[in-house]
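*Asks:* Would you mind keeping the following structure in view while I ask a few things?
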Amino acid sequence: MKKYTDYKAKKKVVEVHDLSFLSDRNHSYGWLRRHLRHHKLRRALKRAERIIASNSKVATDITRYYFIPKDRITLK
């Protein structure tokens, strides 16, 4: 996850590359790290005016786990 601020337009942009920590239980993160990352990402997505996903699977996962409408997500 990368957070950007477009200073010309004054908009907050979030770029999401991977959400495997949510779906893969054998991920290297422990439960606390996974929990904190989930809440940090949820807060960033809620505040962002523009969300960029690296591929269509990530866009689908954002919609599924965070209930963000597809029209707010753009593919890279």
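Just remember, in the structure tokens the first chain shown is A, the second B, etc., residues are 1-based per chain, and ligands are 1-based in the order shown.
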List as number ranges by chain the protein and nucleic acid residues near Lys46 of chain A, meaning an atom at most 12 Å away when only C-alpha atoms are counted, but skip any in the same chain fewer than 3 places from it.

*Replies:* A: 12-14, 39-43, 49-51, 62, 66-69, 72

*Asks:* Can you tell me, as a PDB file with C-alpha atoms, in the first residue's frame, which residues in chain A count as strand (DSSP E or B) by DSSP?

*Replies:*
```pdb
ATOM      1  CA  LYS A   2       1.284   3.410  -0.927  1.00  0.00           C
ATOM      2  CA  LYS A   3      -0.360   6.669   0.032  1.00  0.00           C
ATOM      3  CA  TYR A   4       0.019   9.751  -2.117  1.00  0.00           C
ATOM      4  CA  THR A   5      -1.282  13.259  -1.834  1.00  0.00           C
ATOM      5  CA  ASP A   6      -1.851  15.048  -5.105  1.00  0.00           C
ATOM      6  CA  LYS A  11      -6.725  14.621  -3.310  1.00  0.00           C
ATOM      7  CA  LYS A  12      -5.614  11.565  -1.359  1.00  0.00           C
ATOM      8  CA  VAL A  13      -4.667   8.555  -3.466  1.00  0.00           C
ATOM      9  CA  VAL A  14      -4.060   4.972  -2.248  1.00  0.00           C
ATOM     10  CA  GLU A  15      -2.296   2.379  -4.404  1.00  0.00           C
ATOM     11  CA  VAL A  16      -2.833  -1.282  -3.412  1.00  0.00           C
ATOM     12  CA  ARG A  50      -8.941   7.736  -5.529  1.00  0.00           C
ATOM     13  CA  ILE A  51      -7.902   4.072  -5.233  1.00  0.00           C
ATOM     14  CA  ILE A  52      -5.498   2.420  -7.661  1.00  0.00           C
ATOM     15  CA  ALA A  53      -5.337  -1.384  -7.834  1.00  0.00           C
ATOM     16  CA  ILE A  73     -11.242   1.807  -8.051  1.00  0.00           C
ATOM     17  CA  THR A  74      -9.041   2.258 -11.114  1.00  0.00           C
ATOM     18  CA  LEU A  75      -6.667  -0.337 -12.503  1.00  0.00           C
TER      19      LEU A  75
END
```

*Asks:* Write out as an MDAnalysis selection string the set of residues from chain A that DSSP, computed on the backbone, places in alpha helix (DSSP H).

*Replies:* chainID A and resid 20:23 31:47 56:66

*Asks:* What is the atom CA of Phe21 of chain A-atom CA of Asp71 of chain A distance in Å, reported with one decimal?

*Replies:*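 Here the two named atoms are 24.1 Å from each other.
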
*Asks:* Smallest atom-to-atom distance to Thr63 of chain A: which of A:His35, A:Met1, A:Arg47, A:Leu19, using only C-alpha atoms?

*Replies:* A:Leu19

*Asks:* Between atom CA of Asp61 of chain A and atom CA of Leu32 of chain A, what is the spacing in Å?

*Replies:*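 Distance reported for this atom pair: 20.6 Å.
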
*Asks:* To one decimal in Å, tell me the separation between atom CA of His17 of chain A and atom CA of Ser56 of chain A.

*Replies:*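 Pair atom CA of His17 of chain A / atom CA of Ser56 of chain A returns 10.6 Å.
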